[in-house]
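**Q** Data: coords_12.tsv, TSV, C-alpha atoms.
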chain	number	residue	atom	x	y	z
A	29	MET	CA	69.82	21.45	0.76
A	30	THR	CA	72.60	19.30	-0.54
A	31	GLY	CA	72.22	15.94	-2.21
A	32	ALA	CA	73.58	14.18	0.87
A	33	GLY	CA	71.21	15.97	3.22
A	34	GLY	CA	73.87	18.35	4.55
A	35	SER	CA	73.22	21.92	5.53
A	36	ALA	CA	75.39	24.69	4.18
A	37	ARG	CA	76.35	28.26	4.87
A	38	LEU	CA	77.50	30.96	2.48
A	39	VAL	CA	80.56	32.85	3.67
A	40	SER	CA	82.32	35.96	2.33
A	41	GLN	CA	79.49	36.97	0.03
A	42	GLU	CA	79.25	40.14	-2.04
A	43	GLN	CA	82.95	40.79	-2.52
A	44	ASP	CA	82.70	41.91	-6.15
A	45	GLN	CA	83.81	45.45	-5.39
A	46	LEU	CA	86.86	44.27	-3.46
A	47	SER	CA	88.00	42.05	-6.30
A	48	GLY	CA	86.98	44.38	-9.11
A	49	ARG	CA	85.06	41.54	-10.81
A	50	THR	CA	81.67	43.17	-11.23
A	51	GLY	CA	78.74	40.78	-11.62
A	52	VAL	CA	80.61	37.59	-10.76
A	53	HIS	CA	79.04	35.38	-8.11
A	54	GLN	CA	81.40	34.94	-5.22
A	55	GLY	CA	81.12	33.04	-1.98
A	56	ARG	CA	81.81	29.81	-0.19
A	57	VAL	CA	79.29	27.13	0.71
A	58	VAL	CA	80.25	25.30	3.90
A	59	PHE	CA	78.50	21.98	4.44
A	60	GLY	CA	77.15	21.45	7.91
A	61	ALA	CA	76.70	18.67	10.38
A	62	ILE	CA	73.50	16.93	9.26
A	63	GLU	CA	74.60	13.49	8.11
A	64	GLU	CA	71.52	11.79	6.69
A	65	VAL	CA	67.97	12.46	5.56
A	66	VAL	CA	65.91	9.27	5.45
A	67	PHE	CA	62.60	9.58	3.60
A	68	GLY	CA	59.68	7.28	2.96
A	69	HIS	CA	60.66	4.65	5.55
A	70	PRO	CA	58.58	3.98	8.69
A	71	ALA	CA	59.82	6.16	11.54
A	72	THR	CA	60.06	3.33	14.06
A	73	GLU	CA	62.46	1.19	12.04
A	74	ALA	CA	64.40	4.26	10.87
A	75	ILE	CA	65.02	5.39	14.49
A	76	VAL	CA	66.32	1.94	15.43
A	77	ALA	CA	68.57	1.94	12.34
A	78	GLN	CA	69.96	5.38	13.30
A	79	MET	CA	70.77	4.22	16.83
A	80	ASP	CA	72.58	1.22	15.35
A	81	ARG	CA	74.47	3.49	12.94
A	82	LEU	CA	75.45	5.96	15.64
A	83	GLY	CA	76.28	3.35	18.28
A	84	THR	CA	74.03	5.02	20.87
A	85	HIS	CA	72.33	3.13	23.69
A	86	ARG	CA	70.23	5.58	25.75
A	87	ALA	CA	67.67	7.48	23.68
A	88	PHE	CA	65.76	10.26	25.40
A	89	LEU	CA	62.47	10.81	23.56
A	90	MET	CA	61.13	14.36	23.25
A	91	VAL	CA	57.70	13.92	21.71
A	92	SER	CA	54.35	15.52	21.04
A	93	GLY	CA	52.06	15.14	24.04
A	94	THR	CA	49.07	14.72	21.76
A	95	LEU	CA	50.82	12.03	19.73
A	96	ASN	CA	51.82	10.26	22.94
A	97	ARG	CA	48.38	10.36	24.56
A	98	GLN	CA	46.05	9.98	21.58
A	99	THR	CA	47.90	7.56	19.25
A	100	ASP	CA	50.07	4.48	19.60
A	101	GLU	CA	52.94	5.93	17.53
A	102	ILE	CA	55.17	6.73	20.51
A	103	GLU	CA	54.42	3.41	22.18
A	104	LYS	CA	55.51	1.62	18.99
A	105	ILE	CA	58.82	3.50	19.09
A	106	LYS	CA	59.32	2.72	22.79
A	107	GLN	CA	58.61	-0.96	22.15
A	108	ALA	CA	61.04	-1.07	19.24
A	109	LEU	CA	63.79	0.59	21.31
A	110	GLY	CA	63.19	-1.57	24.37
A	111	SER	CA	65.90	-1.01	26.98
A	112	ARG	CA	67.50	1.62	24.74
A	113	CYS	CA	64.67	4.05	25.61
A	114	ALA	CA	66.12	5.95	28.56
A	115	GLY	CA	63.29	8.42	29.17
A	116	LEU	CA	60.50	10.50	27.68
A	117	PHE	CA	59.42	14.16	27.78
A	118	ASP	CA	56.09	15.19	26.25
A	119	ALA	CA	55.43	18.63	27.76
A	120	MET	CA	56.98	21.13	25.30
A	121	PRO	CA	54.49	23.98	24.66
A	122	ALA	CA	54.35	26.02	21.47
A	123	HIS	CA	57.17	28.51	20.91
A	124	THR	CA	59.60	26.53	23.08
A	125	PRO	CA	59.58	28.47	26.38
A	126	ARG	CA	62.78	28.52	28.41
A	127	GLU	CA	61.12	26.82	31.37
A	128	ALA	CA	60.22	23.73	29.34
A	129	VAL	CA	63.71	23.60	27.82
A	130	ILE	CA	65.21	23.45	31.32
A	131	ALA	CA	62.71	20.81	32.45
A	132	ALA	CA	63.61	18.65	29.43
A	133	THR	CA	67.34	19.27	29.95
A	134	ASN	CA	67.22	18.15	33.56
A	135	ALA	CA	65.20	15.05	32.63
A	136	ALA	CA	67.64	14.13	29.84
A	137	ARG	CA	70.60	14.63	32.18
A	138	GLU	CA	68.94	12.47	34.85
A	139	ALA	CA	68.27	9.76	32.26
A	140	GLY	CA	71.91	9.63	31.18
A	141	ALA	CA	70.89	10.18	27.57
A	142	ASP	CA	73.42	9.71	24.79
A	143	LEU	CA	70.93	10.64	22.03
A	144	ILE	CA	67.80	12.79	21.85
A	145	VAL	CA	65.06	11.58	19.50
A	146	THR	CA	62.31	14.07	18.68
A	147	VAL	CA	58.92	13.11	17.31
A	148	GLY	CA	56.74	16.15	16.85
A	149	GLY	CA	56.55	19.68	15.52
A	150	GLY	CA	58.98	22.57	15.34
A	151	SER	CA	58.71	23.59	18.98
A	152	ILE	CA	59.87	20.12	20.04
A	153	THR	CA	62.64	20.04	17.44
A	154	ASP	CA	63.88	23.47	18.56
A	155	GLY	CA	63.54	22.40	22.18
A	156	ALA	CA	65.88	19.47	21.62
A	157	LYS	CA	68.45	21.70	19.91
A	158	ALA	CA	68.38	23.92	22.99
A	159	VAL	CA	68.60	20.90	25.31
A	160	GLN	CA	71.74	19.74	23.49
A	161	LEU	CA	73.40	23.09	24.16
A	162	CYS	CA	72.20	23.23	27.77
A	163	LEU	CA	73.58	19.75	28.47
A	164	ALA	CA	76.94	20.60	26.93
A	165	ASN	CA	77.27	23.86	28.83
A	166	GLY	CA	76.04	22.86	32.28
A	167	ILE	CA	72.87	24.95	32.11
A	168	THR	CA	70.50	23.97	34.93
A	169	ASP	CA	68.12	26.93	35.23
A	170	VAL	CA	66.21	29.39	33.10
A	171	ASP	CA	68.66	32.26	33.60
A	172	GLY	CA	71.52	30.09	32.36
A	173	ILE	CA	70.10	30.19	28.83
A	174	GLU	CA	71.16	33.83	28.73
A	175	ARG	CA	74.79	32.63	28.55
A	176	ILE	CA	74.29	30.67	25.33
A	177	ARG	CA	71.78	32.72	23.37
A	178	VAL	CA	72.63	34.87	20.37
A	179	HIS	CA	73.25	38.53	21.25
A	180	LYS	CA	73.13	41.17	18.50
A	181	GLY	CA	73.48	38.50	15.83
A	182	THR	CA	76.50	36.81	17.40
A	183	ALA	CA	76.51	33.43	19.12
A	184	PRO	CA	78.75	33.35	22.22
A	185	GLU	CA	81.61	30.93	22.72
A	186	MET	CA	80.24	27.69	24.11
A	187	ASN	CA	80.91	23.96	24.35
A	188	ALA	CA	79.76	21.93	21.38
A	189	PRO	CA	76.95	19.46	22.05
A	190	THR	CA	78.03	15.85	22.50
A	191	VAL	CA	74.54	14.43	23.02
A	192	ARG	CA	73.08	14.97	19.56
A	193	GLN	CA	69.65	14.66	18.01
A	194	VAL	CA	67.69	12.55	15.52
A	195	SER	CA	64.47	14.22	14.39
A	196	VAL	CA	61.16	12.81	13.15
A	197	PRO	CA	59.11	15.89	12.22
A	198	THR	CA	55.31	15.79	12.18
A	199	THR	CA	54.93	19.31	10.77
A	200	ILE	CA	56.67	20.90	7.80
A	201	ALA	CA	58.12	24.22	8.94
A	202	GLY	CA	61.65	22.86	8.33
A	203	GLY	CA	63.45	23.43	11.65
A	204	GLU	CA	64.77	19.86	11.52
A	205	PHE	CA	67.22	21.02	8.80
A	206	SER	CA	68.52	24.03	10.72
A	207	ALA	CA	71.21	24.61	13.35
A	208	ILE	CA	69.13	27.47	14.82
A	209	ALA	CA	66.69	27.12	17.70
A	210	GLY	CA	64.10	29.71	18.69
A	211	VAL	CA	63.44	29.78	22.45
A	212	THR	CA	60.90	32.11	24.09
A	213	ASP	CA	61.74	34.26	27.10
A	214	ARG	CA	58.27	34.58	28.60
A	215	THR	CA	59.26	37.40	30.96
A	216	ALA	CA	60.38	39.56	28.02
A	217	HIS	CA	57.74	38.14	25.62
A	218	MET	CA	60.50	37.66	23.07
A	219	LYS	CA	61.71	34.75	21.01
A	220	GLN	CA	65.49	34.47	21.19
A	221	MET	CA	67.88	32.54	19.02
A	222	LEU	CA	70.33	29.81	19.99
A	223	ARG	CA	72.80	28.71	17.33
A	224	HIS	CA	75.59	26.19	17.02
A	225	PRO	CA	76.73	24.17	13.95
A	226	LEU	CA	76.25	20.89	15.85
A	227	ALA	CA	72.76	21.77	17.08
A	228	VAL	CA	71.32	20.53	13.78
A	229	PRO	CA	70.01	16.94	13.98
A	230	ARG	CA	72.52	14.28	12.91
A	231	ALA	CA	69.69	12.69	10.94
A	232	THR	CA	66.18	13.69	9.94
A	233	ILE	CA	63.57	11.03	9.21
A	234	LEU	CA	60.72	12.02	6.90
A	235	ASP	CA	57.85	9.57	7.36
A	236	PRO	CA	54.63	10.83	5.74
A	237	ALA	CA	52.52	8.24	7.56
A	238	ILE	CA	53.23	9.69	11.00
A	239	THR	CA	52.03	13.13	9.83
A	240	VAL	CA	48.45	11.94	9.26
A	241	HIS	CA	47.83	12.54	12.98
A	242	THR	CA	48.84	16.20	12.67
A	243	PRO	CA	45.80	18.53	12.66
A	244	GLU	CA	45.05	19.81	9.16
A	245	TRP	CA	45.46	23.48	10.14
A	246	LEU	CA	48.88	22.78	11.61
A	247	PHE	CA	50.22	20.71	8.71
A	248	LEU	CA	49.00	23.16	6.06
A	249	SER	CA	50.03	26.32	7.92
A	250	THR	CA	53.53	24.99	8.57
A	251	GLY	CA	53.61	24.23	4.84
A	252	ILE	CA	53.06	27.95	4.25
A	253	ARG	CA	55.96	28.54	6.65
A	254	ALA	CA	58.10	26.40	4.32
A	255	ILE	CA	56.80	28.40	1.34
A	256	ASP	CA	57.84	31.54	3.26
A	257	HIS	CA	61.40	30.17	3.47
A	258	CYS	CA	61.45	29.62	-0.30
A	259	VAL	CA	59.88	32.97	-1.18
A	260	GLU	CA	61.99	35.15	1.12
A	261	ALA	CA	65.12	33.35	-0.11
A	262	ILE	CA	64.23	33.80	-3.79
A	263	CYS	CA	63.54	37.49	-3.14
A	264	SER	CA	66.65	38.12	-1.05
A	265	ARG	CA	69.35	40.42	-2.41
A	266	GLU	CA	71.86	37.91	-1.03
A	267	THR	CA	70.67	34.82	-2.87
A	268	HIS	CA	72.77	32.86	-5.38
A	269	PRO	CA	72.16	30.07	-7.94
A	270	TYR	CA	72.84	27.22	-5.49
A	271	ALA	CA	70.14	28.57	-3.19
A	272	ASP	CA	67.75	29.43	-6.03
A	273	ALA	CA	67.83	25.88	-7.37
A	274	GLN	CA	66.51	24.54	-4.08
A	275	SER	CA	64.10	27.37	-3.27
A	276	VAL	CA	62.41	27.37	-6.67
A	277	LYS	CA	62.03	23.57	-6.77
A	278	GLY	CA	60.88	23.48	-3.14
A	279	LEU	CA	58.30	26.19	-3.80
A	280	ALA	CA	56.96	24.35	-6.85
A	281	MET	CA	56.67	21.08	-4.90
A	282	LEU	CA	54.91	22.73	-1.95
A	283	ALA	CA	52.52	24.68	-4.20
A	284	ASP	CA	51.56	21.40	-5.87
A	285	ALA	CA	51.47	19.16	-2.76
A	286	LEU	CA	49.60	21.22	-0.15
A	287	PRO	CA	46.28	21.42	-2.08
A	288	ARG	CA	46.53	17.64	-2.67
A	289	VAL	CA	46.93	17.04	1.08
A	290	LYS	CA	43.90	19.26	1.77
A	291	ALA	CA	41.85	17.41	-0.84
A	292	ASP	CA	42.83	13.98	0.49
A	293	PRO	CA	44.47	13.85	3.94
A	294	ALA	CA	45.28	10.15	3.39
A	295	ASP	CA	47.39	10.87	0.28
A	296	LEU	CA	50.85	9.84	1.50
A	297	ASP	CA	52.47	10.70	-1.82
A	298	ALA	CA	51.27	14.29	-1.45
A	299	ARG	CA	52.53	14.40	2.14
A	300	MET	CA	55.91	13.03	1.05
A	301	ASP	CA	56.15	15.69	-1.69
A	302	ALA	CA	55.34	18.37	0.90
A	303	GLN	CA	58.04	17.01	3.22
A	304	ILE	CA	60.65	16.96	0.45
A	305	GLY	CA	59.59	20.45	-0.63
A	306	THR	CA	60.16	21.55	2.97
A	307	TRP	CA	63.61	19.96	2.96
A	308	LEU	CA	64.44	21.95	-0.17
A	309	SER	CA	62.94	25.09	1.37
A	310	MET	CA	65.66	25.10	4.03
A	311	GLY	CA	68.53	24.86	1.56
A	312	ALA	CA	68.94	28.57	0.97
A	313	LEU	CA	68.75	29.51	4.64
A	314	ALA	CA	71.33	26.86	5.47
A	315	ALA	CA	73.46	28.22	2.62
A	316	GLY	CA	73.60	31.65	4.22
A	317	VAL	CA	70.71	33.39	2.47
A	318	PRO	CA	68.82	35.47	5.04
A	319	MET	CA	65.09	35.74	5.51
A	320	GLY	CA	63.24	39.05	5.45
A	321	ALA	CA	60.43	40.97	7.12
A	322	SER	CA	57.87	38.15	7.10
A	323	HIS	CA	60.14	36.13	9.38
A	324	GLY	CA	61.17	39.16	11.44
A	325	ILE	CA	57.61	40.21	12.17
A	326	GLY	CA	56.57	36.58	12.60
A	327	TYR	CA	59.03	36.10	15.46
A	328	VAL	CA	57.35	38.93	17.35
A	329	LEU	CA	53.80	37.76	16.66
A	330	GLY	CA	54.72	34.29	17.91
A	331	ALA	CA	56.44	35.34	21.11
A	332	ALA	CA	54.24	38.29	22.10
A	333	PHE	CA	50.81	37.11	20.90
A	334	ASP	CA	51.20	33.33	20.77
A	335	VAL	CA	50.33	33.25	17.06
A	336	PRO	CA	51.42	29.88	15.59
A	337	HIS	CA	54.41	30.31	13.30
A	338	GLY	CA	52.62	28.87	10.30
A	339	TYR	CA	49.85	31.43	10.76
A	340	THR	CA	52.35	34.30	10.95
A	341	SER	CA	53.58	33.37	7.48
A	342	CYS	CA	50.01	32.98	6.15
A	343	ILE	CA	49.26	36.52	7.29
A	344	MET	CA	52.50	38.40	6.78
A	345	LEU	CA	54.09	36.95	3.62
A	346	PRO	CA	51.67	38.45	1.03
A	347	ALA	CA	51.80	41.83	2.80
A	348	VAL	CA	55.61	41.82	2.85
A	349	MET	CA	55.71	40.88	-0.83
A	350	ARG	CA	53.33	43.73	-1.67
A	351	TRP	CA	55.48	46.20	0.30
A	352	ASN	CA	58.71	44.91	-1.25
A	353	ALA	CA	57.45	44.79	-4.86
A	354	ARG	CA	58.71	48.31	-5.61
A	355	ASP	CA	62.31	47.10	-5.20
A	356	ASN	CA	62.34	43.44	-6.31
A	357	ALA	CA	59.57	42.92	-8.88
A	358	GLU	CA	61.89	40.83	-11.08
A	359	ARG	CA	62.59	38.30	-8.31
A	360	GLN	CA	58.91	38.22	-7.40
A	361	MET	CA	58.15	37.10	-10.96
A	362	ILE	CA	60.17	33.94	-10.25
A	363	VAL	CA	57.91	33.23	-7.26
A	364	ALA	CA	54.70	33.56	-9.28
A	365	ALA	CA	56.07	31.37	-12.08
A	366	ALA	CA	57.21	28.64	-9.67
A	367	MET	CA	53.69	28.56	-8.22
A	368	GLY	CA	52.20	28.10	-11.70
A	369	PHE	CA	51.08	31.67	-12.42
A	370	PRO	CA	53.72	33.34	-14.62
A	371	GLY	CA	53.11	37.03	-15.20
A	372	HIS	CA	50.87	37.46	-12.15
A	373	ALA	CA	51.70	39.54	-9.07
A	374	ALA	CA	53.34	37.22	-6.53
A	375	ALA	CA	51.46	38.79	-3.60
A	376	ASP	CA	48.13	38.07	-5.31
A	377	VAL	CA	49.16	34.49	-6.13
A	378	LEU	CA	50.20	33.87	-2.52
A	379	ASP	CA	47.06	35.50	-1.15
A	380	ALA	CA	44.78	33.32	-3.30
A	381	PHE	CA	46.79	30.17	-2.54
A	382	ILE	CA	46.71	30.70	1.24
A	383	ARG	CA	42.97	31.46	1.13
A	384	SER	CA	42.35	28.28	-0.89
A	385	LEU	CA	43.83	26.25	1.97
A	386	GLY	CA	41.47	27.90	4.46
A	387	MET	CA	44.23	29.64	6.38
A	388	PRO	CA	43.92	33.03	8.18
A	389	ARG	CA	44.77	36.04	6.05
A	390	SER	CA	44.76	39.01	8.40
A	391	LEU	CA	46.05	40.08	11.78
A	392	ALA	CA	42.44	40.58	12.82
A	393	ASP	CA	41.90	36.85	12.17
A	394	VAL	CA	44.38	36.07	14.97
A	395	ARG	CA	43.13	38.84	17.26
A	396	VAL	CA	46.04	41.23	16.80
A	397	SER	CA	44.66	44.77	16.55
A	398	PRO	CA	46.18	48.05	15.30
A	399	GLU	CA	46.65	49.32	18.85
A	400	HIS	CA	49.53	46.81	19.11
A	401	PHE	CA	51.22	47.72	15.83
A	402	ASP	CA	53.66	50.27	17.26
A	403	ASP	CA	54.98	47.80	19.83
A	404	ILE	CA	55.20	45.00	17.26
A	405	ALA	CA	57.10	47.27	14.88
A	406	GLU	CA	59.58	48.35	17.56
A	407	GLN	CA	60.26	44.74	18.58
A	408	ALA	CA	60.56	43.58	14.97
A	409	MET	CA	63.30	46.17	14.37
A	410	ARG	CA	65.39	44.31	16.95
A	411	THR	CA	65.14	40.92	15.18
A	412	ASN	CA	67.89	39.53	12.99
A	413	TRP	CA	65.85	39.47	9.78
A	414	ILE	CA	64.40	42.98	9.45
A	415	PRO	CA	67.81	44.48	8.51
A	416	ARG	CA	68.14	41.88	5.72
A	417	ASN	CA	64.78	42.57	4.06
A	418	PRO	CA	65.28	43.19	0.31
A	419	ARG	CA	63.57	46.59	0.46
A	420	LYS	CA	65.51	48.42	3.12
A	421	ILE	CA	63.61	49.00	6.36
A	422	GLU	CA	65.03	51.98	8.21
A	423	SER	CA	62.37	52.65	10.82
A	424	ALA	CA	59.60	51.08	12.85
A	425	ALA	CA	57.19	53.30	10.89
A	426	GLN	CA	57.96	51.23	7.78
A	427	VAL	CA	57.26	47.98	9.63
A	428	ARG	CA	53.96	49.54	10.64
A	429	GLU	CA	53.19	50.11	6.94
A	430	ILE	CA	53.57	46.38	6.37
A	431	LEU	CA	51.39	45.58	9.39
A	432	LEU	CA	48.65	47.85	8.02
A	433	LEU	CA	48.74	45.89	4.73
A	434	ALA	CA	48.10	42.75	6.80
A	435	ALA	CA	45.51	44.25	9.14
Any chance you could put this one into structure tokens?

**A**
Amino acid sequence: MTGAGGSARLVSQEQDQLSGRTGVHQGRVVFGAIEEVVFGHPATEAIVAQMDRLGTHRAFLMVSGTLNRQTDEIEKIKQALGSRCAGLFDAMPAHTPREAVIAATNAAREAGADLIVTVGGGSITDGAKAVQLCLANGITDVDGIERIRVHKGTAPEMNAPTVRQVSVPTTIAGGEFSAIAGVTDRTAHMKQMLRHPLAVPRATILDPAITVHTPEWLFLSTGIRAIDHCVEAICSRETHPYADAQSVKGLAMLADALPRVKADPADLDARMDAQIGTWLSMGALAAGVPMGASHGIGYVLGAAFDVPHGYTSCIMLPAVMRWNARDNAERQMIVAAAMGFPGHAAADVLDAFIRSLGMPRSLADVRVSPEHFDDIAEQAMRTNWIPRNPRKIESAAQVREILLLAA
């Protein structure tokens, strides 16, 4: 990411042949609409400060149901906001189904919200991004989402959101730094993308203390999701030095911090390092560097088999690296070195690291069997990321090869 917490997008990349300047980096980094990242301050006071900064008066809270029911964190935020808390929604399931997005949209509209504040994991963060777009475009039912979703890689013309978002993440997958939302169409069993430059939160608040309530498996597995962002960016054929600087540093911070969190869940310094590593992990993606097959296959596993996104990265990333190594061994060396094992095979380093955190390492671990591989492969071919994998994937049969490595 950028020093000011902005997101960025690379435009007009790979024009060397057009200009005749072989080997010269070319592109344009366009800074996006995230205004602030606040880190290390208590979430409650930081939310109040953001409302003061933004001049908003009616905050609609979209929060984790578990956090709301089993801790006093949400109650503390409500108390601090007082009359500025206009409503609350705590029923967003994993993978952000369309039905829950519409329920939250209608509740936010009814509440007269002028700001959405999320406190929770990636499904809630993505849900609020989708709610912003639904509010701005008069979407009132599930079918209406079809009008604003990305089709064949292209986002349709739509109204920009005017009710924006402030995000307090409790997991570390990184969606709070992205203008992309993944929303699941349960009838098609597919995760679909919504995208708008102003869907990104206006501010993200990184408070390590609020993450101590997050189950260990969820915090650590979403940390592997952030590692997946770093690794697939470093290994992309479309990366560039601006992106590398953030991906390599983010990977090093995450590789150091996650074992410290596992060893001592009360270590707030380790949690803060993991959160900042996650922030850095999103820099390349926001700067236009695409993800690869781990993300493409992961989308399908999440939508069709309800596999948590962190787990999809735990399972698929080493397999994808092994399959890609024929074509990008040099870039994979950067991954291994950043994780503290120069000269080792990156797939082996990742495999050992993920195992050390006690995370699942095979599709069998999440009850996905080979009889499903053909369908998974066919669906993955239709995702946005498979075509951008650094080793070219030309057929579903090649995706199946990767799945067999992860079986």

**Q** Between A:Val317, A:Leu109, A:Leu296, A:Val240, single out the one closest to Ala271 of chain A, counting all atoms listed in the file.

**A**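 For Ala271 of chain A, the nearest of the given residues is A:Val317.
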
**Q** May I ask which of the residues A:Val228, A:Ala119, A:Leu89, A:Ala141 is the closest one to Ala314 of chain A, counting all atoms listed in the file?

**A**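 The shortest atom-to-atom distance to Ala314 of chain A comes from A:Val228.
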
**Q** Find the residues near segment 415-420 of chain A: any atom within 9 Å, counting all atoms listed in the file, skip ones fewer than 2 places away on the same chain, and give them as a PyMOL selection string.

**A** chain A and resi 260+263-266+318-322+324+351-356+409-413+422

**Q** Please identify all polymer residues lying at most 12 Å from the point (65.0, 17.8, 34.0) (file coordinates), using only C-alpha atoms, and present the result as a PyMOL selection string.

**A** chain A and resi 88+90+115-117+119+127-141+159+162-163+167-170

**Q** Please determine, counting only C-alpha atoms, which residue among A:Ile200, A:Ala405, A:Leu248, A:Val259 has the shortest atom-to-atom distance to Ile304 of chain A.

**A** A:Ile200

**Q** Could you please determine the separation between atom CA of Ala87 of chain A and atom CA of Leu143 of chain A in Å, to one decimal place?

**A**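 According to the coordinates, atom CA of Ala87 of chain A and atom CA of Leu143 of chain A are separated by 4.8 Å.
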
**Q** When you count all atoms listed in the file, which of these residues is closest to Ala231 of chain A: A:Gly51, A:Gly60, A:Gly181, A:Pro293?

**A**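 Of all the options, A:Gly60 lies closest to Ala231 of chain A.
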
**Q** Report, in Å with one decimal, the straight-line distance from atom CA of Ser390 of chain A to atom CA of Gly93 of chain A.

**A**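 Between atom CA of Ser390 of chain A and atom CA of Gly93 of chain A the gap is 29.5 Å.
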
**Q** Once 6 Å is added on each side, what centre and edge lengths in Å to one decimal does the axis-aligned box around all listed atoms of segment 66-78 of chain A have, as JSON?

**A**
{"center_x": 64.3, "center_y": 5.4, "center_z": 9.2, "size_x": 23.4, "size_y": 20.4, "size_z": 24.5}

**Q** Could you produce a table of the residues of segment 194-226 of chain A lying within 8 Å of segment 61-67 of chain A, with the nearest pair of atoms per residue and their separation in Å rounded to one decimal, using only C-alpha atoms, ordered by chain and increasing residue number, as a Markdown table?

**A**
| residue | atom | partner | partner_atom | distance |
| --- | --- | --- | --- | --- |
| A:Phe205 | CA | A:Ile62 | CA | 7.5 |
| A:Pro225 | CA | A:Ala61 | CA | 6.6 |
| A:Leu226 | CA | A:Ala61 | CA | 5.9 |

**Q** Would you save the residues of that selection, restricted to C-alpha atoms, as a PDB file, in the frame of the given file?

**A**
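Below is the file that was written, selection-v2.pdb:
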ATOM      1  CA  PHE A 205      67.220  21.020   8.800  1.00  0.00           C
ATOM      2  CA  PRO A 225      76.730  24.170  13.950  1.00  0.00           C
ATOM      3  CA  LEU A 226      76.250  20.890  15.850  1.00  0.00           C
TER       4      LEU A 226
END

**Q** Neighbours of Ile152 of chain A within 12 Å (all atoms listed in the file; same-chain residues fewer than 4 positions away dropped), as an MDAnalysis selection string?

**A** chainID A and resid 89:93 117:125 128:129 132 144:148 156:159 193:199 201 203:204 209:211

**Q** Could you jot down the atom CA of Pro398 of chain A to atom CA of Glu429 of chain A separation for me, Å, one decimal place?

**A**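 Interatomic distance, atom CA of Pro398 of chain A to atom CA of Glu429 of chain A: 11.1 Å.
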
**Q** Enumerate, as a PyMOL selection string, the protein, DNA and RNA residues whose atoms approach (46.7, 20.7, -1.9) to within 12 Å, taking into account all atoms listed in the file and the coordinate frame of the file.

**A** chain A and resi 244+247-249+251-252+280-295+297-299+301-302+381-386

**Q** Name the closest residue to Arg359 of chain A among the candidates A:Ala392, A:Ile343, A:Ile262, A:Ile208; distances are taken between atoms, counting all atoms listed in the file.

**A**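 When distances to Arg359 of chain A are compared using all atoms listed in the file, the smallest one comes from A:Ile262.
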
**Q** Restricting the calculation to only C-alpha atoms, which member of A:Pro269, A:His400, A:Ala435, A:Ser309 is positioned closest to Pro346 of chain A?

**A**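 Closest to Pro346 of chain A, using only C-alpha atoms: A:Ala435.
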
**Q** Which polymer residues have any atom within 10 Å of an atom of Arg175 of chain A, counting all atoms listed in the file, with same-chain residues fewer than 5 positions away left out, as JSON, numbers by chain?

**A** {"A": [162, 165, 167, 183, 184, 185, 186]}

**Q** Within 9 Å of Tyr339 of chain A, counting all atoms listed in the file, which residues show up once you throw out same-chain ones fewer than 4 positions away? Write them as a PDB file with C-alpha atoms, in the frame of the given file, please.

**A**
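Saved to out_16.pdb:
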ATOM      1  CA  LEU A 246      48.880  22.780  11.610  1.00  0.00           C
ATOM      2  CA  SER A 249      50.030  26.320   7.920  1.00  0.00           C
ATOM      3  CA  THR A 250      53.530  24.990   8.570  1.00  0.00           C
ATOM      4  CA  ILE A 252      53.060  27.950   4.250  1.00  0.00           C
ATOM      5  CA  ARG A 253      55.960  28.540   6.650  1.00  0.00           C
ATOM      6  CA  GLY A 326      56.570  36.580  12.600  1.00  0.00           C
ATOM      7  CA  VAL A 335      50.330  33.250  17.060  1.00  0.00           C
ATOM      8  CA  ILE A 343      49.260  36.520   7.290  1.00  0.00           C
ATOM      9  CA  MET A 344      52.500  38.400   6.780  1.00  0.00           C
ATOM     10  CA  MET A 387      44.230  29.640   6.380  1.00  0.00           C
ATOM     11  CA  PRO A 388      43.920  33.030   8.180  1.00  0.00           C
ATOM     12  CA  ARG A 389      44.770  36.040   6.050  1.00  0.00           C
ATOM     13  CA  VAL A 394      44.380  36.070  14.970  1.00  0.00           C
TER      14      VAL A 394
END

**Q** Need to verify the contact set: Pro370 of chain A, 7 Å, only C-alpha atoms, exclusion of same-chain residues closer than 4 positions in sequence. Can you return it as a PyMOL selection string?

**A** chain A and resi 361+364-365
